[in-house]
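J.: Here it is: the structure, laid out below.
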There are 2 protein chains.
Amino acid sequence: MEYYSEKINRLIEELGRLPGVGRKSAQRLAFHILSLPKQRVESLAFAIEDAKKSVAYCKECFNLTDRDICPICANPSRNKRIIMVVENPRDLAAYEKTGKFNGVYHVLHGAISPMQGIGPGDIKLKELMLRLQKDVDEVIIATNSSLEGEATAMYISKLVKPAGIKVSRIASGIPVGGDLENIDEVTLLKALDGRVEI
Amino acid sequence: MEYYSEKINRLIEELGRLPGVGRKSAQRLAFHILSLPKQRVESLAFAIEDAKKSVAYCKECFNLTDRDICPICANPSRNKRIIMVVENPRDLAAYEKTGKFNGVYHVLHGAISPMQGIGPGDIKLKELMLRLQKDVDEVIIATNSSLEGEATAMYISKLVKPAGIKVSRIASGIPVGGDLENIDEVTLLKALDGRVEI
């Protein structure tokens with residue numbers, strides 16, 4: 001490709017490897033980056049390297065953090081006896097944004113998926129069981145409402161229940177503001193099954 | 001925001017400043033970057049910094065390049081007597097990909113737009129006029145078919161014609177494969193005006 005010089009091609013190639021960034025977007029991003037002031041570009045490159053260098057798993061909950069223990073686990077006002085199990089840090093953030101959950105989390109970093117060759121040993125399950133040896137009142141399973149998420153929830157509940165710890169699963173149903181006519185049948189049935197008296 | 005640690009927030013913020021990247025995409029990109037092997041992340045950060053550091057304007061045509069003179073201008077088999085004027089390096093690349101244009105380019109880095117306060121002095125027009133003091137047979141104006149692009153084309157043609165140099169404008173009309181019924185009226189009229197005998 002004679003039309004872009006080597007370093008521009010290299011940049012386009014690197015950006016094009018990011019998820020959801022096609023060749024056209026990568027070109028657009030590359031030319032945008034080249035048009036930025038030098039200091040802004042350095043700041044972007046630094047943020048990328050620095051985050052990668054300093055971010056690791058929290059030793060307690062396996063959330064991503066740049067400290068030993070993440071701010072949530074380190075917060076003395078959080079209730080350590082209630083653990084919400086999520087698949088990844090973005091799911092954790094989603095619940096954290098609600099501002100209503102005062103327990104702590106456990107990030108599995110995946111879900112059991114025989115189709116993709118991901119077994120119980122490939123996610124942070126052993127680490128969850130270790131945490132349960134301390135005093136824990138309830139494990140809330142907030143894996144996704146997908147096949148893999150449900151299978152993982154099932155698996156965890158079978159592991160945890162014998163220890164005499166309460167296990168719960170977040171509710172499936174109609175999303176708030178959802179129009180019944182636009183909602184798939186499986187969700188409609190789940191919402192019916194999960195109905196609560198009012 | 002307690003739910004992401006500082007360095008992750010910083011990365012999300014930096015990514016979110018890129019064009020077309022909203023907060024959600026920035027989060028997705030950030031977690032993807034954190035999940036990559038260290039070496040891949042360094043390679044991305046390096047490509048960004050290195051491109052910005054080494055890429056500048058070609059001294060001839062103002063295309064972006066990591067050399068003094070871009071590969072197109074440096075190519076002795078290109079016809080220097082035909083100059084195609086484009087708004088930006090991506091437009092240049094679009095024509096270069098056709099592989100059929102054997103002249104050279106001139107990149108304006110913008111178009112005249114009184115609405116956005118961009119005048120003739122804000123784009124590489126003076127530089128074009130300087131180039132025309134050498135032997136040039138034709139200036140092909142390939143600015144966009146937008147209001148700004150057309151105004152810029154008009155302006156250039158008025159500047160260049162008195163010098164006795166042939167000035168042409170790329171054709172407007174129905175895109176190849178385009179369905180007439182889906183094409184806007186202005187384009188339809190332009191296609192009619194620009195009809196050629198067959």
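By order of appearance in the structure tokens: chains A, B, ..., then residues from 1 within every chain, and ligands from 1 in the order shown.
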What are the nearest atom pairs, with distances in Å to one decimal, for all residues of chain B that come at most 8 Å from chain A, using only C-alpha atoms, set out by chain and rising residue number as a Markdown table?

T.:
| residue | atom | partner | partner_atom | distance |
| --- | --- | --- | --- | --- |
| B:Glu2 | CA | A:Pro71 | CA | 6.5 |
| B:Tyr3 | CA | A:Ala93 | CA | 5.4 |
| B:Tyr4 | CA | A:Thr65 | CA | 7.1 |
| B:Ser5 | CA | A:Thr65 | CA | 5.3 |
| B:Glu6 | CA | A:Asp66 | CA | 7.4 |
| B:Lys7 | CA | A:Ala51 | CA | 5.2 |
| B:Ile8 | CA | A:Ala51 | CA | 5.9 |
| B:Arg10 | CA | A:Ala47 | CA | 6.4 |
| B:Leu11 | CA | A:Ala47 | CA | 5.1 |
| B:Glu14 | CA | A:Leu44 | CA | 5.7 |
| B:Leu15 | CA | A:Leu44 | CA | 7.4 |
| B:Leu18 | CA | A:Leu29 | CA | 6.9 |
| B:Pro19 | CA | A:Leu29 | CA | 6.8 |
| B:Gln27 | CA | A:Arg90 | CA | 7.8 |
| B:Leu29 | CA | A:Pro19 | CA | 6.9 |
| B:His32 | CA | A:Pro19 | CA | 7.5 |
| B:Ile33 | CA | A:Lys52 | CA | 7.4 |
| B:Leu34 | CA | A:Lys52 | CA | 5.4 |
| B:Lys38 | CA | A:Lys52 | CA | 6.9 |
| B:Val41 | CA | A:Glu49 | CA | 6.6 |
| B:Glu42 | CA | A:Glu49 | CA | 6.2 |
| B:Ser43 | CA | A:Glu14 | CA | 7.8 |
| B:Leu44 | CA | A:Glu14 | CA | 5.7 |
| B:Ala45 | CA | A:Ala45 | CA | 4.6 |
| B:Phe46 | CA | A:Ala45 | CA | 7.2 |
| B:Ala47 | CA | A:Leu11 | CA | 5.1 |
| B:Ile48 | CA | A:Leu11 | CA | 6.1 |
| B:Glu49 | CA | A:Glu42 | CA | 6.2 |
| B:Asp50 | CA | A:Lys7 | CA | 7.2 |
| B:Ala51 | CA | A:Lys7 | CA | 5.2 |
| B:Lys52 | CA | A:Leu34 | CA | 5.4 |
| B:Lys53 | CA | A:Lys38 | CA | 7.7 |
| B:Ser54 | CA | A:Lys7 | CA | 7.7 |
| B:Val55 | CA | A:Lys7 | CA | 7.4 |
| B:Leu64 | CA | A:Ser5 | CA | 7.6 |
| B:Thr65 | CA | A:Ser5 | CA | 5.3 |
| B:Asp66 | CA | A:Ser5 | CA | 6.2 |
| B:Cys70 | CA | A:Ser5 | CA | 7.5 |
| B:Pro71 | CA | A:Glu2 | CA | 6.6 |
| B:Ile72 | CA | A:Glu2 | CA | 7.2 |
| B:Arg90 | CA | A:Gln27 | CA | 7.9 |
| B:Leu92 | CA | A:Tyr3 | CA | 7.5 |
| B:Ala93 | CA | A:Tyr3 | CA | 5.4 |
| B:Glu96 | CA | A:Tyr3 | CA | 6.1 |
| B:Lys97 | CA | A:Tyr3 | CA | 7.6 |

J.: Per DSSP on the backbone, what are the alpha helix (DSSP H) residues of range 3-197 of chain B, as a ChimeraX atom specification?

T.: /B:6-16,23-35,38-54,71-74,89-98,125-131,147-160,185-193

J.: Any idea what's packed within 8 Å of Lys166 in chain B, counting only C-alpha atoms, ignoring anything in its chain fewer than 2 positions away? Could you give it as a VMD selection string?

T.: chain B and resid 137 to 139 161 164 168

J.: So that I can see what lies close to Ile112 in chain A, please list as a list in words the residues with an atom at most 6 Å from it, counting only C-alpha atoms and leaving out residues fewer than 2 positions away in the same chain.

T.: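 Answer for this query is Ile118, Gly119, Pro120, Glu148 and Thr152 of chain A.
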
J.: Please write the residues from the selection above to a file, keeping N, CA, C and O atoms, as an mmCIF file, in the first residue's frame.

T.:
data_model
loop_
_atom_site.group_PDB
_atom_site.id
_atom_site.type_symbol
_atom_site.label_atom_id
_atom_site.label_comp_id
_atom_site.auth_asym_id
_atom_site.auth_seq_id
_atom_site.Cartn_x
_atom_site.Cartn_y
_atom_site.Cartn_z
ATOM 1 N N ILE A 118 -14.556 -23.886 28.045
ATOM 2 C CA ILE A 118 -14.274 -23.225 29.327
ATOM 3 C C ILE A 118 -14.933 -24.017 30.445
ATOM 4 O O ILE A 118 -16.161 -24.064 30.537
ATOM 5 N N GLY A 119 -14.134 -24.672 31.254
ATOM 6 C CA GLY A 119 -14.653 -25.481 32.355
ATOM 7 C C GLY A 119 -14.589 -24.726 33.670
ATOM 8 O O GLY A 119 -14.094 -23.593 33.717
ATOM 9 N N PRO A 120 -15.061 -25.335 34.763
ATOM 10 C CA PRO A 120 -15.045 -24.687 36.078
ATOM 11 C C PRO A 120 -13.641 -24.269 36.503
ATOM 12 O O PRO A 120 -13.474 -23.284 37.218
ATOM 13 N N GLU A 148 -24.688 -19.876 29.199
ATOM 14 C CA GLU A 148 -23.458 -20.058 29.968
ATOM 15 C C GLU A 148 -23.630 -19.490 31.383
ATOM 16 O O GLU A 148 -23.201 -20.110 32.354
ATOM 17 N N THR A 152 -23.484 -21.657 34.802
ATOM 18 C CA THR A 152 -22.526 -21.294 35.838
ATOM 19 C C THR A 152 -23.241 -21.069 37.173
ATOM 20 O O THR A 152 -22.774 -21.513 38.230
#

J.: Find the spatial neighbours of range 98-111 of chain A, counting only C-alpha atoms, within a cut-off of 9 Å - ignore same-chain residues fewer than 5 positions away - and output them as a PyMOL selection string.

T.: chain A and resi 60-64+72-73+77-89+91-93+118-120+122-125+127-128+143-144+148-153

J.: Enumerate, as a list in words, the complete set of residues in range 40-161 of chain B that a backbone-based DSSP assignment places in strand (DSSP E or B).

T.: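 Taking range 40-161 of chain B and keeping strand (DSSP E or B) only, one gets Ala56, Tyr57, Leu64, Thr65, Asn79, Lys80, Arg81, Ile82, Ile83, Met84, Val85, Val86, Gly103, Val104, Tyr105, His106, Val107, Ser113, Ile118, Glu138, Val139, Ile140 and Ile141 of chain B.
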
J.: So that I can see what lies close to range 173-179 of chain A, please list as a ChimeraX atom specification the residues with an atom at most 12 Å from it, counting only C-alpha atoms and leaving out residues fewer than 2 positions away in the same chain.

T.: /A:145,170-171,181-196

J.: Report the distance between CA of Arg169 in chain B and CA of Ile141 in chain B in Å, rounded to one decimal place.

T.: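 Between CA of Arg169 in chain B and CA of Ile141 in chain B the gap works out to 4.7 Å.
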
J.: From the options A:Ala74, A:Leu159, A:Met154, A:Met115, which residue's atoms come nearest to Ala142 in chain A, counting only C-alpha atoms?

T.: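 Checking each candidate against Ala142 in chain A, we get A:Met154 as the closest.
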